[in-house]
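Chemist: File structure-v4.txt follows (compact mmCIF, C-alpha atoms):
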# COMPACT_ATOMS: atom_id res chain seq x y z
CA MET A 149 79.13 36.58 87.32
CA PHE A 150 77.29 36.16 84.04
CA HIS A 151 75.97 39.69 84.32
CA ALA A 152 79.53 40.93 84.84
CA LEU A 153 80.59 39.26 81.59
CA ALA A 154 77.56 40.30 79.54
CA ASP A 155 79.15 43.63 78.62
CA ARG A 156 81.81 44.01 75.91
CA THR A 157 83.77 46.71 77.77
CA ARG A 158 83.88 44.61 80.92
CA ARG A 159 85.15 41.61 78.96
CA ASP A 160 87.84 43.84 77.47
CA ILE A 161 88.81 45.21 80.89
CA LEU A 162 88.99 41.65 82.20
CA ARG A 163 91.22 40.65 79.27
CA ARG A 164 93.65 43.45 80.13
CA VAL A 165 93.80 42.82 83.88
CA LEU A 166 94.24 39.08 83.40
CA ALA A 167 97.34 39.86 81.34
CA GLY A 168 98.72 41.96 84.18
CA GLU A 169 97.90 44.44 86.92
CA HIS A 170 96.58 47.79 85.64
CA SER A 171 95.71 50.99 87.44
CA VAL A 172 92.13 52.14 86.96
CA THR A 173 93.52 55.38 85.50
CA THR A 174 95.46 53.44 82.82
CA LEU A 175 92.36 51.39 82.01
CA ALA A 176 90.17 54.50 81.77
CA ALA A 177 92.53 56.00 79.18
CA LYS A 178 91.88 53.00 76.87
CA TYR A 179 88.17 53.66 76.48
CA ASP A 180 86.10 56.39 74.94
CA MET A 181 84.09 56.88 78.14
CA SER A 182 84.39 58.72 81.42
CA PHE A 183 86.71 57.65 84.23
CA ALA A 184 83.60 57.16 86.41
CA ALA A 185 82.04 54.82 83.82
CA VAL A 186 85.21 52.69 83.65
CA GLN A 187 85.42 52.70 87.44
CA LYS A 188 81.85 51.42 87.55
CA HIS A 189 82.70 48.54 85.15
CA VAL A 190 85.69 47.64 87.32
CA ALA A 191 83.42 47.64 90.40
CA VAL A 192 80.97 45.21 88.71
CA LEU A 193 83.84 42.84 87.87
CA GLU A 194 85.16 43.16 91.41
CA ARG A 195 81.76 42.38 92.96
CA ALA A 196 81.51 39.31 90.72
CA GLY A 197 84.81 38.09 92.16
CA LEU A 198 86.51 38.14 88.76
CA ILE A 199 89.09 40.79 89.63
CA SER A 200 90.66 42.10 92.80
CA LYS A 201 91.88 45.61 93.60
CA ARG A 202 94.60 46.94 95.86
CA ARG A 203 95.74 50.45 96.62
CA ALA A 204 99.25 51.69 95.90
CA GLY A 205 99.59 55.29 96.95
CA ARG A 206 96.93 57.24 95.10
CA GLU A 207 96.37 54.52 92.51
CA ALA A 208 93.83 51.70 92.57
CA LEU A 209 95.44 48.66 90.91
CA ALA A 210 93.24 45.94 89.43
CA SER A 211 94.21 42.38 88.53
CA GLY A 212 92.20 39.42 87.22
CA ASP A 213 91.42 36.23 89.14
CA VAL A 214 92.31 33.48 86.67
CA GLU A 215 90.59 30.69 88.65
CA ALA A 216 87.30 32.58 88.89
CA VAL A 217 87.38 33.35 85.17
CA ARG A 218 88.17 29.73 84.35
CA SER A 219 85.10 28.51 86.28
CA VAL A 220 82.82 31.02 84.53
CA GLY A 221 84.19 29.86 81.20
CA SER A 222 83.37 26.24 81.93
CA MET A 223 79.86 27.07 83.19
CA LEU A 224 79.12 29.10 80.07
CA THR A 225 80.38 26.30 77.86
CA GLU A 226 78.17 23.82 79.67
CA LEU A 227 75.04 25.96 79.40
CA GLU A 228 75.66 26.94 75.81
CA SER A 229 75.86 23.29 74.86
CA LEU A 230 72.51 22.45 76.48
CA TRP A 231 70.32 23.45 73.54
CA ARG A 232 72.73 22.11 70.94
CA GLY A 233 72.89 18.83 72.85
CA ARG A 234 69.11 18.64 73.05
CA ILE A 235 68.78 19.15 69.31
CA ALA A 236 71.49 16.60 68.57
CA ARG A 237 69.69 14.05 70.79
CA ILE A 238 66.38 14.66 68.99
CA ASP A 239 68.18 14.16 65.69
CA GLU A 240 69.63 10.88 66.92
CA LEU A 241 66.35 9.69 68.42
CA ILE A 242 64.26 10.30 65.30
CA ALA A 243 66.76 8.35 63.21
CA GLN A 244 65.93 5.25 65.30
CA PRO A 245 62.70 3.31 65.78
CA THR A 246 60.85 4.74 68.79
CA ALA A 247 61.32 3.19 72.23
CA THR A 248 57.67 2.18 72.14
CA GLU A 249 58.15 0.35 68.84
CA ARG A 250 61.21 -1.45 70.17
CA ASN A 251 59.49 -2.50 73.39
CA GLN A 252 56.47 -3.93 71.63
CA MET B 12 72.51 16.95 60.55
CA PRO B 13 70.48 19.65 62.27
CA VAL B 14 71.34 23.18 61.25
CA THR B 15 70.79 25.39 64.24
CA ASP B 16 70.39 29.09 64.55
CA VAL B 17 70.34 30.91 67.86
CA LYS B 18 69.24 34.51 68.23
CA HIS B 19 67.81 36.82 70.81
CA ASP B 20 65.86 40.03 70.71
CA MET B 21 66.14 42.32 73.71
CA ASN B 22 63.16 44.43 72.52
CA ASP B 23 60.77 41.51 72.32
CA LEU B 24 62.46 39.73 75.25
CA THR B 25 62.66 36.55 73.22
CA LEU B 26 65.16 33.80 72.64
CA THR B 27 64.72 31.84 69.38
CA ILE B 28 66.39 28.57 68.45
CA VAL B 29 65.88 27.01 65.00
CA ALA B 30 66.80 23.44 64.11
CA GLU B 31 66.28 21.28 61.03
CA PHE B 32 65.55 17.58 61.34
CA ALA B 33 65.60 14.92 58.60
CA ALA B 34 62.25 13.42 59.61
CA PRO B 35 58.60 14.23 59.01
CA VAL B 36 56.76 16.68 61.27
CA SER B 37 54.74 13.85 62.84
CA ARG B 38 57.95 12.12 63.98
CA VAL B 39 59.27 15.28 65.63
CA TRP B 40 55.87 15.84 67.22
CA ASP B 41 56.02 12.35 68.76
CA VAL B 42 59.26 13.25 70.56
CA TYR B 43 57.34 15.95 72.45
CA ALA B 44 54.05 14.09 72.85
CA ASP B 45 55.60 10.97 74.39
CA PRO B 46 57.12 11.65 77.85
CA ARG B 47 59.46 8.65 77.52
CA GLN B 48 60.94 10.10 74.31
CA LEU B 49 60.93 13.65 75.64
CA GLU B 50 62.98 12.71 78.70
CA ARG B 51 65.57 11.04 76.48
CA VAL B 52 66.31 14.34 74.73
CA PHE B 53 65.49 17.02 77.29
CA GLY B 54 68.44 16.69 79.65
CA PRO B 55 72.07 15.88 78.86
CA PRO B 56 73.23 12.34 79.71
CA THR B 57 74.90 13.65 82.87
CA PHE B 58 71.74 15.50 83.94
CA PRO B 59 68.85 13.26 82.87
CA ALA B 60 65.25 14.44 82.94
CA THR B 61 62.32 12.45 84.31
CA PHE B 62 58.80 13.51 83.35
CA VAL B 63 56.35 12.50 86.09
CA ASP B 64 53.22 13.79 84.34
CA HIS B 65 53.15 14.90 80.73
CA SER B 66 50.38 15.11 78.20
CA LEU B 67 50.07 17.64 75.38
CA THR B 68 46.56 18.67 76.38
CA PRO B 69 45.52 22.31 76.81
CA GLY B 70 45.22 23.18 80.51
CA SER B 71 47.33 20.26 81.74
CA ARG B 72 50.44 20.59 83.90
CA SER B 73 53.56 18.60 83.04
CA THR B 74 55.90 17.92 85.94
CA TYR B 75 59.53 16.94 85.62
CA TYR B 76 62.79 16.89 87.46
CA MET B 77 66.40 16.72 86.36
CA THR B 78 68.93 14.74 88.37
CA SER B 79 72.44 16.14 88.80
CA PRO B 80 75.52 13.89 88.80
CA GLU B 81 75.49 14.26 92.62
CA GLY B 82 71.91 12.98 92.72
CA GLU B 83 70.26 16.34 93.45
CA LYS B 84 66.85 16.81 91.85
CA HIS B 85 65.86 20.10 90.17
CA ALA B 86 62.14 20.24 89.47
CA GLY B 87 60.05 22.27 87.07
CA ILE B 88 56.63 22.43 85.48
CA TRP B 89 55.12 23.17 82.08
CA ASP B 90 51.58 24.57 82.00
CA ILE B 91 50.31 23.58 78.56
CA LYS B 92 48.33 26.41 76.93
CA THR B 93 47.52 25.56 73.32
CA VAL B 94 48.08 22.41 71.28
CA THR B 95 47.84 22.06 67.49
CA GLU B 96 48.91 18.54 66.60
CA PRO B 97 51.32 18.07 64.88
CA SER B 98 52.37 21.63 64.09
CA GLY B 99 53.12 22.94 67.57
CA PHE B 100 52.18 23.79 71.14
CA THR B 101 52.62 26.60 73.63
CA PHE B 102 53.33 26.43 77.34
CA GLU B 103 54.55 28.33 80.38
CA ASP B 104 57.76 26.99 81.90
CA ALA B 105 58.60 27.57 85.58
CA PHE B 106 60.97 26.24 88.22
CA SER B 107 59.39 24.47 91.19
CA ASP B 108 60.18 22.83 94.50
CA ALA B 109 60.38 19.04 94.84
CA ASP B 110 56.57 18.86 95.24
CA PHE B 111 56.09 20.81 91.98
CA ASN B 112 54.96 24.04 93.67
CA VAL B 113 56.14 26.90 91.43
CA THR B 114 59.10 28.90 92.80
CA ALA B 115 58.06 32.54 92.56
CA ASP B 116 61.44 34.27 92.40
CA LEU B 117 62.92 32.41 89.40
CA PRO B 118 62.22 33.46 85.78
CA VAL B 119 59.05 32.12 84.15
CA SER B 120 58.99 31.91 80.35
CA GLN B 121 56.25 31.65 77.74
CA ASN B 122 57.24 29.12 75.11
CA SER B 123 56.09 28.34 71.60
CA TYR B 124 57.40 25.25 69.82
CA ALA B 125 56.45 25.08 66.13
CA PHE B 126 57.16 22.37 63.57
CA THR B 127 56.85 23.01 59.83
CA ALA B 128 57.51 20.69 56.91
CA THR B 129 60.52 21.45 54.70
CA ASP B 130 61.93 19.73 51.60
CA GLY B 131 64.15 17.49 53.65
CA GLY B 132 62.03 17.09 56.77
CA THR B 133 61.08 19.43 59.58
CA ARG B 134 62.08 22.87 60.72
CA ALA B 135 61.59 23.28 64.47
CA THR B 136 61.39 26.81 65.86
CA TYR B 137 61.65 27.18 69.61
CA VAL B 138 60.70 30.61 70.96
CA SER B 139 60.91 31.55 74.63
CA THR B 140 59.62 34.91 75.86
CA TYR B 141 60.39 36.36 79.25
CA ALA B 142 58.28 38.81 81.25
CA THR B 143 61.11 41.15 82.17
CA ALA B 144 64.46 42.16 80.73
CA GLU B 145 66.11 40.97 83.94
CA ALA B 146 64.64 37.49 83.56
CA LEU B 147 65.77 37.29 79.93
CA GLN B 148 69.19 38.69 80.75
CA GLN B 149 69.52 36.07 83.50
CA VAL B 150 68.95 33.35 80.91
CA LEU B 151 70.96 35.00 78.12
CA ASP B 152 73.84 35.52 80.52
CA MET B 153 73.75 31.83 81.19
CA GLY B 154 75.27 31.32 77.78
CA VAL B 155 72.44 29.96 75.67
CA VAL B 156 73.24 32.41 72.87
CA GLU B 157 76.15 33.17 70.61
CA GLY B 158 77.13 36.25 72.65
CA ALA B 159 78.42 33.80 75.19
CA THR B 160 80.61 32.15 72.56
CA SER B 161 82.65 35.28 72.11
CA ALA B 162 83.00 35.60 75.88
CA ILE B 163 84.13 31.98 76.06
CA ASN B 164 86.54 32.36 73.15
CA GLN B 165 88.01 35.48 74.66
CA ILE B 166 88.40 33.75 78.00
CA ASP B 167 89.94 30.68 76.35
CA ASP B 168 92.40 32.91 74.53
CA LEU B 169 93.30 34.62 77.77
CA LEU B 170 93.86 31.41 79.62
CA ALA B 171 95.97 30.03 76.78
CA ALA B 172 98.10 33.21 76.67
Since I need it in another form, could you write the structure as structure tokens?

Modeler:
Amino acid sequence: MFHALADRTRRDILRRVLAGEHSVTTLAAKYDMSFAAVQKHVAVLERAGLISKRRAGREALASGDVEAVRSVGSMLTELESLWRGRIARIDELIAQPTATERNQ
Amino acid sequence: MPVTDVKHDMNDLTLTIVAEFAAPVSRVWDVYADPRQLERVFGPPTFPATFVDHSLTPGSRSTYYMTSPEGEKHAGIWDIKTVTEPSGFTFEDAFSDADFNVTADLPVSQNSYAFTATDGGTRATYVSTYATAEALQQVLDMGVVEGATSAINQIDDLLAA
């Protein structure tokens, strides 16, 4: 899932399909790249479970899975905060006497 | 008030985090040298770390595990390479099983932690280098860098819309 979101175009595609169902043809017209390249980005997002596709006649229609995206968002937030949290805890710890000093 | 900077370099396969602490270098060093202090800062309160063995001695292996809110233990090891007290140390970081046997298929990183004196205290520079782009991407994708912030903000905006 993280790999699916690591690309700017894929995040943009996801933004569009979360707002409403789009055909792959409509999406492809928005980007300065080939239809095949856009189709490939859509496939990565689909494999990651972030969007689903259905067929309507000759069109492939893509829409975003809000719940899946929400869970990725919360995981990213949690992981991003790990280093900042660690640094904040060091900052707090060094402002106090050490545990060893307190225990002695 | 630590000022932090987070950057990554896909060419060098490195992730660098810089923080400033209002304490002398020796005090920051002590946080890493003392396993009881290290475990207080290493994991978040909801995911505390326990260091079983830890000594900043070249050639030694530190062993630790982190306990999830559900009580699951995730273990890892540090193989300490070089130590220059109090200005820094280098080590290899790997995931392991519960008996501290290294898990081969998860990313291993080479790490360099350096502490230099500044006007107000200490600048800590944490550098992690990964063997392959895939391993680094795996970690970068996990949101440790600012790139993730824009993904999160975009997603937040979407969900609020």

Chemist: Record the distance separating atom CA of B:Val63 and atom CA of B:Pro97, expressed in Å with one decimal.

Modeler: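 Result for atom CA of B:Val63 versus atom CA of B:Pro97: 22.5 Å, one decimal.
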
Chemist: Please measure the separation of atom CA of B:Ala109 and atom CA of B:Ala60, giving the value in Å to one decimal.

Modeler: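 It comes out at 13.7 Å.
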
Chemist: For the atom pair atom CA of A:Arg163 and atom CA of A:Arg206, what is the interatomic distance in Å to one decimal place?

Modeler: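 Separation of atom CA of A:Arg163 and atom CA of A:Arg206: 23.6 Å.
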
Chemist: Quick one: residues within 8 Å of stretch 36-38 of chain B, only C-alpha atoms, excluding same-chain residues fewer than 3 positions away - as a list in words?

Modeler: Ile242 of chain A; Asp41, Val42, Pro97, Ser98, Phe126, Thr127, Ala128, Gly132 and Thr133 of chain B

Chemist: At a cut-off of 7 Å, using only C-alpha atoms, what residues contact B:Gly70? Leave out same-chain residues fewer than 5 positions from it and give the result as a list in words.

Modeler: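 The filter keeps Asp90, Ile91 and Lys92 of chain B.
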
Chemist: Find the residue from A:Ser182, A:Lys188, A:Val172, A:Leu193 that sits nearest to A:Arg159; use all atoms listed in the file when measuring.

Modeler: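 That would be A:Leu193, the residue with the smallest distance to A:Arg159.
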
Chemist: For chain B, which residue among A:Gly233, A:Gly205, A:Gly168, A:Gly212 is the nearest when counting only C-alpha atoms?

Modeler: A:Gly233

Chemist: Neighbours of A:Ser171 within 7 Å (all atoms listed in the file; same-chain residues fewer than 4 positions away dropped), as number ranges by chain?

Modeler: A: 175, 207-210

Chemist: Include C-alpha atoms and write out the residues we just selected as a PDB file, keeping the file's coordinate frame.

Modeler:
ATOM      1  CA  LEU A 175      92.360  51.390  82.010  1.00  0.00           C
ATOM      2  CA  GLU A 207      96.370  54.520  92.510  1.00  0.00           C
ATOM      3  CA  ALA A 208      93.830  51.700  92.570  1.00  0.00           C
ATOM      4  CA  LEU A 209      95.440  48.660  90.910  1.00  0.00           C
ATOM      5  CA  ALA A 210      93.240  45.940  89.430  1.00  0.00           C
TER       6      ALA A 210
END

Chemist: List every protein, DNA or RNA residue that has at least one atom no more than 7 Å from (58.8, 32.7, 78.8) in the file's coordinates, counting only C-alpha atoms, and write the result as a list in words.

Modeler: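 The residues near that point, listed by chain and number, are Glu103, Asp104, Val119, Ser120, Gln121, Asn122, Ser139, Thr140, Tyr141 and Ala142 of chain B.
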
Chemist: Find the residue from A:Ala176, A:Gln244, A:Arg202, A:Trp231 that sits nearest to chain B; use all atoms listed in the file when measuring.

Modeler: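 Smallest distance to chain B is found for A:Trp231.
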
Chemist: Compare B:Pro35, B:Gly131, B:Pro118, B:Gly99 by their minimum atom-to-atom distance to B:Pro69, counting all atoms listed in the file, and give me the closest one.

Modeler: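 With all atoms listed in the file as the atom set, the closest residue is B:Gly99.
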